[in-house]
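J.: For reference, the file work-v8.tsv (TSV, C-alpha atoms) is included below:
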```
chain	number	residue	atom	x	y	z
A	1	MET	CA	75.03	72.51	81.58
A	2	SER	CA	75.38	71.08	85.12
A	3	ALA	CA	78.44	69.08	84.00
A	4	VAL	CA	80.03	72.25	82.63
A	5	VAL	CA	79.34	74.12	85.87
A	6	TYR	CA	80.80	71.24	87.88
A	7	GLU	CA	83.93	71.20	85.72
A	8	GLN	CA	84.38	74.95	86.08
A	9	GLY	CA	84.01	74.69	89.84
A	10	ARG	CA	86.52	71.85	89.97
A	11	VAL	CA	89.10	73.84	88.02
A	12	ARG	CA	88.58	76.89	90.24
A	13	ARG	CA	89.11	74.75	93.34
A	14	ALA	CA	92.23	73.35	91.74
A	15	ARG	CA	93.47	76.90	91.17
A	16	TYR	CA	93.13	77.77	94.84
A	17	ALA	CA	94.72	74.46	95.82
A	18	VAL	CA	97.76	75.08	93.62
A	19	ALA	CA	98.00	78.62	95.01
A	20	ALA	CA	98.18	77.09	98.49
A	21	VAL	CA	100.88	74.70	97.26
A	22	PHE	CA	102.91	77.67	95.98
A	23	ALA	CA	102.54	79.37	99.38
A	24	VAL	CA	103.71	76.22	101.19
A	25	HIS	CA	106.70	75.94	98.87
A	26	GLY	CA	107.64	79.56	99.54
A	27	ALA	CA	107.20	79.16	103.29
A	28	VAL	CA	109.84	76.42	103.34
A	29	THR	CA	112.32	78.77	101.67
A	30	GLY	CA	111.53	81.59	104.09
A	31	SER	CA	111.82	79.26	107.09
A	32	PHE	CA	115.26	78.09	105.98
A	33	ALA	CA	116.69	81.48	105.00
A	34	THR	CA	116.13	83.09	108.39
A	35	ARG	CA	118.03	80.35	110.25
A	36	VAL	CA	121.14	80.23	108.05
A	37	PRO	CA	123.27	81.99	110.74
A	38	TRP	CA	122.25	79.31	113.30
A	39	ILE	CA	122.98	76.54	110.80
A	40	GLN	CA	126.39	78.09	110.06
A	41	ASP	CA	127.30	78.16	113.75
A	42	HIS	CA	126.02	74.63	114.36
A	43	ALA	CA	128.03	73.22	111.43
A	44	GLY	CA	131.10	75.22	112.46
A	45	VAL	CA	131.80	76.64	109.00
A	46	GLY	CA	133.22	79.99	107.98
A	47	ALA	CA	131.83	82.47	105.48
A	48	GLY	CA	133.70	80.94	102.55
A	49	GLN	CA	132.64	77.40	103.41
A	50	LEU	CA	129.06	78.55	103.88
A	51	GLY	CA	129.16	80.14	100.43
A	52	LEU	CA	130.32	76.80	99.01
A	53	ALA	CA	127.56	74.91	100.81
A	54	LEU	CA	124.89	77.35	99.62
A	55	ALA	CA	125.77	76.46	96.03
A	56	PHE	CA	124.56	72.89	96.58
A	57	PRO	CA	120.78	73.62	96.60
A	58	ALA	CA	121.02	75.04	93.08
A	59	LEU	CA	123.22	72.13	92.01
A	60	GLY	CA	120.75	69.59	93.39
A	61	ALA	CA	117.81	71.38	91.80
A	62	SER	CA	119.49	71.61	88.40
A	63	LEU	CA	120.27	67.89	88.34
A	64	ALA	CA	116.90	66.73	89.68
A	65	MET	CA	114.48	68.99	87.79
A	66	PRO	CA	114.57	67.00	84.52
A	67	LEU	CA	113.37	63.94	86.49
A	68	ALA	CA	110.08	65.56	87.49
A	69	GLY	CA	108.37	64.77	84.19
A	70	SER	CA	109.01	61.03	84.46
A	71	VAL	CA	107.80	61.03	88.08
A	72	SER	CA	104.54	62.74	87.06
A	73	HIS	CA	104.11	60.31	84.15
A	74	ARG	CA	104.55	57.28	86.37
A	75	PHE	CA	102.39	58.33	89.31
A	76	GLY	CA	100.06	60.97	87.88
A	77	ALA	CA	100.19	64.71	88.53
A	78	ARG	CA	98.40	64.76	91.88
A	79	THR	CA	100.26	61.87	93.50
A	80	ALA	CA	103.59	63.11	92.14
A	81	LEU	CA	103.04	66.62	93.50
A	82	ARG	CA	101.86	65.27	96.84
A	83	GLY	CA	104.97	63.12	97.23
A	84	LEU	CA	107.48	65.66	95.90
A	85	LEU	CA	106.04	68.50	97.99
A	86	ALA	CA	106.16	66.33	101.13
A	87	LEU	CA	109.78	65.43	100.44
A	88	TRP	CA	110.55	69.15	100.07
A	89	THR	CA	108.82	70.22	103.28
A	90	LEU	CA	110.48	67.39	105.24
A	91	ALA	CA	113.89	68.23	103.72
A	92	LEU	CA	113.69	71.53	105.62
A	93	VAL	CA	114.86	69.62	108.70
A	94	LEU	CA	118.10	68.30	107.16
A	95	PRO	CA	120.38	71.39	107.05
A	96	SER	CA	119.89	72.20	110.73
A	97	LEU	CA	120.97	68.65	111.66
A	98	ALA	CA	124.29	68.88	109.78
A	99	PRO	CA	127.31	68.91	112.17
A	100	ASN	CA	130.01	69.75	109.61
A	101	LEU	CA	130.64	71.06	106.10
A	102	LEU	CA	130.35	67.70	104.30
A	103	THR	CA	127.01	66.78	105.83
A	104	LEU	CA	125.74	70.33	105.29
A	105	CYS	CA	126.59	70.14	101.59
A	106	LEU	CA	124.82	66.76	101.29
A	107	ALA	CA	121.78	68.05	103.19
A	108	LEU	CA	121.55	71.14	101.02
A	109	PHE	CA	121.92	69.03	97.86
A	110	VAL	CA	118.86	66.96	98.90
A	111	TYR	CA	117.06	70.13	99.97
A	112	GLY	CA	117.65	71.66	96.53
A	113	ALA	CA	116.78	68.49	94.60
A	114	THR	CA	113.39	68.13	96.29
A	115	ALA	CA	112.77	71.87	95.90
A	116	GLY	CA	113.45	71.72	92.17
A	117	MET	CA	111.31	68.69	91.41
A	118	SER	CA	108.33	69.98	93.38
A	119	ASP	CA	108.81	73.38	91.72
A	120	VAL	CA	108.50	71.83	88.25
A	121	ALA	CA	105.46	69.74	89.25
A	122	MET	CA	103.51	72.66	90.72
A	123	ASN	CA	104.34	75.00	87.84
A	124	ALA	CA	103.22	72.36	85.31
A	125	LEU	CA	99.88	72.06	87.09
A	126	GLY	CA	99.60	75.83	87.29
A	127	VAL	CA	100.06	76.09	83.51
A	128	GLU	CA	97.44	73.38	82.96
A	129	ILE	CA	94.90	75.24	85.10
A	130	GLU	CA	95.73	78.48	83.30
A	131	ASN	CA	94.98	76.73	79.99
A	132	ARG	CA	91.60	75.49	81.21
A	133	LEU	CA	90.59	78.82	82.68
A	134	ASP	CA	91.85	80.58	79.52
A	135	LYS	CA	93.24	83.47	81.53
A	136	SER	CA	96.56	84.29	83.16
A	137	ILE	CA	97.11	83.00	86.71
A	138	MET	CA	100.86	82.27	86.82
A	139	SER	CA	101.83	85.71	88.09
A	140	SER	CA	99.49	85.50	91.08
A	141	LEU	CA	100.64	81.95	91.80
A	142	HIS	CA	104.22	83.19	92.05
A	143	GLY	CA	102.88	86.06	94.14
A	144	MET	CA	101.50	83.43	96.53
A	145	TRP	CA	104.97	81.89	96.66
A	146	SER	CA	106.35	85.30	97.70
A	147	ALA	CA	103.61	85.62	100.32
A	148	GLY	CA	104.46	82.18	101.68
A	149	ALA	CA	108.14	83.11	101.82
A	150	LEU	CA	107.28	86.25	103.79
A	151	ILE	CA	105.19	84.21	106.26
A	152	GLY	CA	107.93	81.62	106.66
A	153	SER	CA	110.60	84.26	107.15
A	154	ALA	CA	108.44	86.12	109.68
A	155	ALA	CA	108.02	82.94	111.73
A	156	GLY	CA	111.74	82.24	111.41
A	157	THR	CA	112.61	85.76	112.53
A	158	LEU	CA	110.43	85.32	115.60
A	159	ALA	CA	112.04	81.95	116.37
A	160	ALA	CA	115.52	83.45	116.01
A	161	HIS	CA	114.57	86.40	118.21
A	162	LEU	CA	113.40	83.99	120.93
A	163	GLY	CA	116.67	82.07	120.66
A	164	SER	CA	114.93	78.88	119.53
A	165	ASP	CA	117.00	75.90	118.43
A	166	ALA	CA	116.66	75.72	114.62
A	167	ARG	CA	116.29	71.94	114.79
A	168	LEU	CA	113.15	72.25	116.88
A	169	HIS	CA	111.90	75.19	114.81
A	170	HIS	CA	112.36	73.33	111.53
A	171	VAL	CA	110.83	70.08	112.81
A	172	LEU	CA	107.69	71.98	113.84
A	173	ALA	CA	107.62	74.03	110.63
A	174	ALA	CA	108.13	70.91	108.48
A	175	ALA	CA	105.30	69.11	110.27
A	176	VAL	CA	102.87	72.00	109.80
A	177	LEU	CA	103.85	72.64	106.18
A	178	THR	CA	103.75	68.94	105.27
A	179	VAL	CA	100.20	68.62	106.55
A	180	ALA	CA	99.18	71.85	104.81
A	181	GLY	CA	100.73	70.66	101.55
A	182	LEU	CA	99.07	67.25	101.69
A	183	VAL	CA	95.67	68.84	102.35
A	184	ALA	CA	96.10	71.34	99.49
A	185	CYS	CA	97.10	68.57	97.06
A	186	THR	CA	93.73	66.88	97.63
A	187	TRP	CA	92.06	69.36	95.27
A	188	VAL	CA	94.67	69.76	92.53
A	189	LEU	CA	93.97	68.29	89.09
A	190	ASP	CA	94.86	64.61	88.81
A	191	ILE	CA	96.24	64.45	85.28
A	192	GLN	CA	97.07	60.91	84.20
A	193	PRO	CA	98.98	59.81	81.08
A	194	ALA	CA	97.13	58.01	78.31
A	195	GLU	CA	97.56	54.25	78.26
A	196	ASP	CA	99.40	54.32	74.93
A	197	GLU	CA	101.60	57.32	75.78
A	198	ASP	CA	105.34	56.68	75.86
A	199	PRO	CA	107.01	57.73	79.11
A	200	PRO	CA	109.30	60.75	78.88
A	201	PRO	CA	113.06	60.17	79.19
A	202	ARG	CA	114.30	60.09	82.76
A	203	PHE	CA	116.86	62.72	81.90
A	204	ALA	CA	117.02	64.85	78.77
A	205	LEU	CA	118.44	68.16	77.69
A	206	PRO	CA	115.84	70.96	77.53
A	207	PRO	CA	114.29	71.58	74.10
A	208	ARG	CA	115.43	74.55	72.04
A	209	SER	CA	112.22	76.44	72.80
A	210	ALA	CA	112.96	76.14	76.53
A	211	VAL	CA	116.48	77.46	76.04
A	212	LEU	CA	115.22	80.62	74.32
A	213	ILE	CA	112.50	81.19	76.88
A	214	GLY	CA	114.92	80.35	79.68
A	215	ALA	CA	117.33	83.01	78.40
A	216	VAL	CA	114.68	85.64	79.06
A	217	GLY	CA	114.12	84.20	82.53
A	218	PHE	CA	117.89	84.19	83.07
A	219	CYS	CA	118.03	87.97	82.56
A	220	ALA	CA	115.17	88.58	84.99
A	221	VAL	CA	116.48	86.24	87.70
A	222	PHE	CA	119.99	87.69	87.36
A	223	ALA	CA	118.56	91.16	88.05
A	224	GLU	CA	116.51	89.76	90.94
A	225	GLY	CA	119.44	87.96	92.57
A	226	ALA	CA	121.74	90.95	92.11
A	227	SER	CA	119.21	93.34	93.63
A	228	LEU	CA	118.27	91.12	96.57
A	229	ASP	CA	121.84	90.39	97.59
A	230	TRP	CA	123.58	93.65	96.67
A	231	SER	CA	121.08	96.51	96.86
A	232	ALA	CA	121.72	97.14	100.57
A	233	VAL	CA	125.49	96.91	100.02
A	234	TYR	CA	125.18	99.33	97.10
A	235	LEU	CA	123.45	101.97	99.22
A	236	ARG	CA	125.79	101.51	102.16
A	237	ASP	CA	129.10	101.41	100.26
A	238	GLU	CA	128.48	103.50	97.15
A	239	LEU	CA	126.07	106.08	98.58
A	240	GLU	CA	127.20	105.93	102.24
A	241	THR	CA	123.76	105.50	103.78
A	242	SER	CA	122.89	104.05	107.17
A	243	ALA	CA	122.40	100.30	107.58
A	244	GLY	CA	118.71	100.85	108.26
A	245	LEU	CA	118.12	102.80	105.06
A	246	ALA	CA	120.11	100.24	103.09
A	247	ALA	CA	117.96	97.42	104.46
A	248	ALA	CA	114.82	99.41	103.64
A	249	CYS	CA	115.93	99.51	100.01
A	250	THR	CA	115.94	95.71	99.81
A	251	THR	CA	112.55	95.59	101.52
A	252	GLY	CA	111.15	98.04	98.97
A	253	PHE	CA	112.47	95.94	96.11
A	254	THR	CA	110.87	92.79	97.56
A	255	LEU	CA	107.58	94.57	98.22
A	256	THR	CA	107.21	95.91	94.68
A	257	MET	CA	107.94	92.44	93.30
A	258	ALA	CA	105.29	90.80	95.48
A	259	VAL	CA	102.64	93.43	94.70
A	260	ALA	CA	103.36	93.31	90.96
A	261	ARG	CA	103.06	89.52	90.91
A	262	LEU	CA	99.77	89.48	92.76
A	263	ALA	CA	98.33	92.11	90.41
A	264	GLY	CA	100.11	91.00	87.24
A	265	ASP	CA	97.54	88.58	85.83
A	266	LYS	CA	95.07	91.31	84.91
A	267	VAL	CA	97.80	93.18	83.03
A	268	VAL	CA	98.85	90.03	81.16
A	269	ASP	CA	95.25	89.22	80.20
A	270	ARG	CA	94.77	92.72	78.85
A	271	PHE	CA	98.03	93.23	76.98
A	272	GLY	CA	99.48	89.75	76.44
A	273	ALA	CA	102.78	88.26	77.54
A	274	VAL	CA	105.00	89.89	74.92
A	275	ARG	CA	103.86	93.48	75.44
A	276	THR	CA	103.83	93.01	79.21
A	277	VAL	CA	107.44	91.81	79.23
A	278	ARG	CA	108.53	94.61	76.91
A	279	VAL	CA	107.04	97.23	79.21
A	280	SER	CA	108.48	95.35	82.19
A	281	GLY	CA	111.89	95.48	80.54
A	282	VAL	CA	111.57	99.22	80.02
A	283	LEU	CA	110.68	99.73	83.70
A	284	ALA	CA	113.55	97.50	84.86
A	285	SER	CA	115.99	99.25	82.51
A	286	LEU	CA	114.88	102.66	83.75
A	287	GLY	CA	115.31	101.43	87.31
A	288	GLY	CA	118.81	100.17	86.57
A	289	LEU	CA	119.70	103.48	84.94
A	290	LEU	CA	118.54	105.38	88.04
A	291	VAL	CA	120.67	103.09	90.22
A	292	VAL	CA	123.77	103.61	88.08
A	293	VAL	CA	123.60	107.37	87.44
A	294	GLY	CA	121.39	108.66	90.26
A	295	GLY	CA	124.06	109.29	92.87
A	296	HIS	CA	121.48	109.87	95.61
A	297	PRO	CA	119.90	107.33	98.00
A	298	ALA	CA	116.31	108.31	97.15
A	299	VAL	CA	117.01	107.99	93.42
A	300	ALA	CA	118.74	104.62	93.85
A	301	MET	CA	115.91	103.30	96.05
A	302	THR	CA	113.41	104.37	93.39
A	303	GLY	CA	115.53	102.58	90.82
A	304	PHE	CA	115.58	99.32	92.78
A	305	ALA	CA	111.82	99.55	93.35
A	306	LEU	CA	111.30	100.00	89.60
A	307	MET	CA	113.50	96.98	88.91
A	308	GLY	CA	111.40	94.90	91.29
A	309	LEU	CA	108.26	96.12	89.54
A	310	GLY	CA	109.75	95.42	86.11
A	311	ILE	CA	111.07	91.89	86.58
A	312	ALA	CA	108.29	90.55	88.83
A	313	VAL	CA	106.09	88.91	86.19
A	314	VAL	CA	108.81	87.80	83.79
A	315	VAL	CA	109.62	84.40	85.34
A	316	PRO	CA	105.95	83.39	85.77
A	317	LEU	CA	105.39	84.25	82.11
A	318	CYS	CA	108.43	82.20	81.13
A	319	PHE	CA	106.94	79.16	82.85
A	320	ALA	CA	103.60	79.80	81.16
A	321	ALA	CA	105.25	80.10	77.75
A	322	ALA	CA	107.29	76.93	78.33
A	323	GLY	CA	104.12	75.04	79.19
A	324	ARG	CA	102.66	75.95	75.81
A	325	ALA	CA	105.80	75.37	73.73
A	326	GLY	CA	106.61	72.05	72.12
A	327	SER	CA	105.13	68.63	72.71
A	328	ASN	CA	106.39	68.04	76.26
A	329	PRO	CA	105.42	70.84	78.67
A	330	SER	CA	107.01	69.22	81.74
A	331	LEU	CA	110.36	68.90	79.99
A	332	ALA	CA	110.20	72.50	78.77
A	333	ILE	CA	109.23	73.81	82.22
A	334	ALA	CA	112.06	71.80	83.77
A	335	GLY	CA	114.47	73.31	81.24
A	336	VAL	CA	113.36	76.87	81.98
A	337	ALA	CA	113.49	76.21	85.73
A	338	THR	CA	117.03	74.82	85.44
A	339	ILE	CA	118.23	77.89	83.54
A	340	THR	CA	116.62	80.32	85.99
A	341	TYR	CA	118.00	78.44	89.01
A	342	THR	CA	121.44	78.63	87.41
A	343	SER	CA	121.02	82.37	86.98
A	344	GLY	CA	120.11	82.75	90.64
A	345	LEU	CA	123.26	80.84	91.53
A	346	VAL	CA	125.55	82.82	89.23
A	347	ALA	CA	124.23	86.35	89.78
A	348	PRO	CA	125.41	87.15	93.33
A	349	SER	CA	128.96	85.89	92.77
A	350	ALA	CA	129.20	87.49	89.31
A	351	ILE	CA	128.14	90.86	90.70
A	352	GLY	CA	130.65	90.51	93.52
A	353	GLY	CA	133.50	89.51	91.21
A	354	LEU	CA	132.82	92.33	88.78
A	355	ALA	CA	132.51	94.80	91.67
A	356	GLN	CA	135.86	93.71	93.06
A	357	ALA	CA	137.50	94.16	89.65
A	358	THR	CA	135.75	97.48	88.91
A	359	SER	CA	132.91	98.79	91.08
A	360	LEU	CA	129.31	98.07	92.05
A	361	VAL	CA	128.24	100.83	89.67
A	362	VAL	CA	129.69	98.85	86.77
A	363	SER	CA	128.07	95.67	88.11
A	364	PHE	CA	124.63	97.24	88.03
A	365	GLY	CA	125.44	98.60	84.59
A	366	LEU	CA	125.54	94.93	83.54
A	367	VAL	CA	122.20	94.35	85.27
A	368	THR	CA	120.75	97.28	83.31
A	369	VAL	CA	122.00	95.80	80.03
A	370	LEU	CA	120.33	92.46	80.87
A	371	ALA	CA	117.11	94.32	81.69
A	372	CYS	CA	117.26	95.88	78.22
A	373	CYS	CA	117.48	92.35	76.79
A	374	LEU	CA	113.97	91.73	78.14
A	375	VAL	CA	112.68	94.38	75.74
A	376	VAL	CA	114.59	92.95	72.78
A	377	PHE	CA	113.83	89.25	73.28
A	378	ALA	CA	110.31	89.39	74.74
A	379	LYS	CA	108.93	87.99	71.47
A	380	VAL	CA	110.11	84.47	72.38
A	381	LEU	CA	107.31	84.43	74.97
A	382	ARG	CA	104.67	84.69	72.27
A	383	ALA	CA	103.65	81.13	73.13
A	384	GLY	CA	102.46	82.49	76.47
A	385	ASP	CA	100.15	85.15	75.04
A	386	ARG	CA	96.46	84.81	75.77
A	387	ASP	CA	95.61	85.27	72.06
A	388	ARG	CA	97.28	81.97	71.25
A	389	PRO	CA	94.77	79.16	70.57
A	390	LYS	CA	93.91	77.35	73.75
A	391	ILE	CA	95.74	74.04	74.14
A	392	SER	CA	93.92	71.04	75.46
A	393	PRO	CA	95.73	68.57	77.73
A	394	SER	CA	95.87	65.96	74.96
A	395	ASN	CA	97.66	68.06	72.37
A	396	ALA	CA	99.89	69.66	75.00
A	397	GLY	CA	101.55	66.36	75.59
A	398	VAL	CA	99.80	65.90	78.96
A	399	PRO	CA	96.79	63.70	78.15
A	400	ASP	CA	94.00	64.09	80.65
A	401	ARG	CA	92.31	61.18	82.31
A	402	GLN	CA	90.78	62.30	85.57
A	403	SER	CA	90.37	59.88	88.43
```
Would you mind giving the structure from this file in structure tokens?

T.:
Amino acid sequence: MSAVVYEQGRVRRARYAVAAVFAVHGAVTGSFATRVPWIQDHAGVGAGQLGLALAFPALGASLAMPLAGSVSHRFGARTALRGLLALWTLALVLPSLAPNLLTLCLALFVYGATAGMSDVAMNALGVEIENRLDKSIMSSLHGMWSAGALIGSAAGTLAAHLGSDARLHHVLAAAVLTVAGLVACTWVLDIQPAEDEDPPPRFALPPRSAVLIGAVGFCAVFAEGASLDWSAVYLRDELETSAGLAAACTTGFTLTMAVARLAGDKVVDRFGAVRTVRVSGVLASLGGLLVVVGGHPAVAMTGFALMGLGIAVVVPLCFAAAGRAGSNPSLAIAGVATITYTSGLVAPSAIGGLAQATSLVVSFGLVTVLACCLVVFAKVLRAGDRDRPKISPSNAGVPDRQS
């Protein structure tokens, strides 16, 4: 009995450690995002060149994510996460050092590659802990990422307000976050491959199961990216509101997402992944409909808040489902992550292009259609439901040999 109690305590500590890792990962993103104007001025690039450079993080992540599985296999889950997370936190410094467009693109490529690989590693460990606890935790882990992003952006906003040099700000932030990440990784599970296990391919296309699950995540992330980048513009240009009210709309969207993620695990445990995503799709679709046909700022703001509430738990559930689908969870998670990153890259420009050809109302009509797809295709997440037989590390393709 004492051994069982010890194991349960170890897994619970690992859960809190991974939650801290998610927060650190989010804090890096928040720290970077708030200093983009300073980085733009320092590199001497215009809006169009900046838009080109900001495509490189997603490109780097997409190319590097499939490598995360082989890194974890070679070094073990804990050492791999420790190293990849440290590379990510230290990469925060690179963009602010870039003096021109070429070096900025290279810096952001490295920044995105380290972000993507550490993202896959921490999500794979999160799924493993969820399996051992036999209850949903992925939504709250992604909620911790959102909380970390808010903390990082708050610190960045303060630094920008004080006129701080972003190079100094990011060096200090990277140092603090690197130490915090290394400390948190001390208590994560150290999953090692079996001696007779073949190493995964260094680079492989995602399995079919990951493509189907990733398609659901694509719809959710498309709606998220569109709402984050265009909700304020929608209120200002289509509904002629003040800049302050338009900004408040984006804040409301972000807030409902964060709250829903932190509270989402209890809903998933009670109703399962499929029913949760179907209801989420209904809420997001209703929100999109209010945005498109409302014609009033209060109605549109309610619509965006409902979209945030509806799509919040979808991506965490996609990662959970990928971790339980097929014989190689890391490869499946990497595949889903690559598809969702691609969606985040495509969404803002697609919304802008469609709006230029037609209108923002039509653009968010497309978002509403994609939200409806969540209702239709939620069944592909059945592998993430809590009523599915619990998968041990050995038959999940991640044999467990603790150090």

J.: Point out the residue among A:Ala77, A:Ser139, A:Leu133, A:Val380 with the least atom-to-atom distance to Gln8 of chain A, counting all atoms listed in the file.

T.: A:Leu133

J.: Mind giving me the straight-line distance from atom CA of Val28 of chain A to atom CA of Ile333 of chain A in Å, one decimal?

T.: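 It comes out at 21.3 Å.
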
J.: Is it possible to get the residues within 9 Å of (93.3, 84.2, 83.3) (coordinates as in the file, counting only C-alpha atoms) written as a ChimeraX atom specification?

T.: /A:130-131,133-138,265-266,268-269,386

J.: Counting all atoms listed in the file, what are the residues of segment 138-185 of chain A within 12 Å of segment 310-321 of chain A, and for each of them which pair of atoms is the nearest and at what distance in Å, to one decimal? Sort the table by chain and rising number, as a tab-separated table.

T.:
```
residue	atom	partner	partner_atom	distance
A:Met138	CA	A:Pro316	CA	5.3
A:Ser139	CA	A:Pro316	CA	5.3
A:Ser140	CA	A:Pro316	CA	8.6
A:Leu141	CA	A:Pro316	CA	8.2
A:His142	CA	A:Pro316	CA	6.5
A:Gly143	CA	A:Ala312	CA	8.8
A:Met144	CA	A:Pro316	CA	11.6
A:Trp145	CA	A:Pro316	CA	11.0
A:Ser146	CA	A:Ala312	CA	10.5
```

J.: Please report the interatomic distance between atom CA of Met301 of chain A and atom CA of Cys249 of chain A in Å with one decimal.

T.: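 Here the two named atoms are 5.5 Å from each other.
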
J.: Check the smallest atom-to-atom distance from each of A:Leu354, A:Leu262, A:Ala53, A:Leu239 to Val299 of chain A using all atoms listed in the file, then report the winner.

T.: A:Leu239

J.: Pick out the closest residue to Cys185 of chain A from this set: A:Leu125, A:Ala300, A:Ala47, A:Ile339. Count only C-alpha atoms.

T.: A:Leu125

J.: Of the candidates A:Gly181, A:Gly214, A:Gly303, A:Pro95, which shows the shortest atom-to-atom distance to Thr256 of chain A, using only C-alpha atoms?

T.: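 Closest to Thr256 of chain A, using only C-alpha atoms: A:Gly303.
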
J.: What is the atom CA of Leu84 of chain A-atom CA of Leu345 of chain A distance in Å, reported with one decimal?

T.: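 Here the two named atoms are 22.3 Å from each other.
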
J.: Please determine the residues with any atom at most 10 Å from (105.4, 69.9, 91.7) (coordinates as given in the file, with all atoms listed in the file counting) and report them as a ChimeraX atom specification.

T.: /A:18,21-22,25,65,68-69,71-72,77-85,88,114-126,185

J.: Near Gly335 of chain A, within 7 Å and counting all atoms listed in the file, which residues show up once chain neighbours fewer than 2 positions away are dropped, as a list of chain:residue names?

T.: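 Using all atoms listed in the file, the neighbours found are A:Pro206, A:Ala210, A:Val211, A:Leu331, A:Ala332, A:Ile333, A:Ala337, A:Thr338, A:Ile339.
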
J.: Box time for segment 302-316 of chain A: axis-aligned, enclosing all its listed atoms, 8 Å extra on each side; report centre and edge lengths in Å to one decimal, as lines of an AutoDock Vina configuration file.

T.:
```
center_x = 110.8
center_y = 93.9
center_z = 88.6
size_x = 25.6
size_y = 37.0
size_z = 25.6
```

J.: Give me the residues near His169 of chain A as a list of chain:residue names, where near means some atom within 9 Å (using only C-alpha atoms) and where sequence neighbours in that chain fewer than 5 positions away do not count.

T.: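 With the cut-off at 9 Å, the set is A:Ser31, A:Val93, A:Gly156, A:Ala159, A:Ser164, A:Ala174.
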
J.: For those residues, write C-alpha atoms to a file as a PDB file, in the frame of the given file.

T.:
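Written file, part02.pdb:
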```pdb
ATOM      1  CA  SER A  31     111.820  79.260 107.090  1.00  0.00           C
ATOM      2  CA  VAL A  93     114.860  69.620 108.700  1.00  0.00           C
ATOM      3  CA  GLY A 156     111.740  82.240 111.410  1.00  0.00           C
ATOM      4  CA  ALA A 159     112.040  81.950 116.370  1.00  0.00           C
ATOM      5  CA  SER A 164     114.930  78.880 119.530  1.00  0.00           C
ATOM      6  CA  ALA A 174     108.130  70.910 108.480  1.00  0.00           C
TER       7      ALA A 174
END
```

J.: Hey, which of A:Val110, A:Ala91, A:Ala325, A:Ala154 ends up closest to Thr178 of chain A? Count all atoms listed in the file.

T.: A:Ala91

J.: So, counting only C-alpha atoms, which residue among A:Ala23, A:Cys373, A:Ala14, A:Ala43 is closest to Gly217 of chain A?

T.: A:Cys373

J.: Find the residues around Glu224 of chain A up to 8 Å (all atoms listed in the file counted), leave out those fewer than 4 positions away in its own chain, and share them as a ChimeraX atom specification.

T.: /A:220,228,308,311,344

J.: Determine, counting only C-alpha atoms, which protein, DNA and RNA residues have an atom within 8 Å of an atom of Val367 of chain A; residues of the same chain fewer than 6 positions away are not included. Present the result as a ChimeraX atom specification.

T.: /A:222-223,226,288
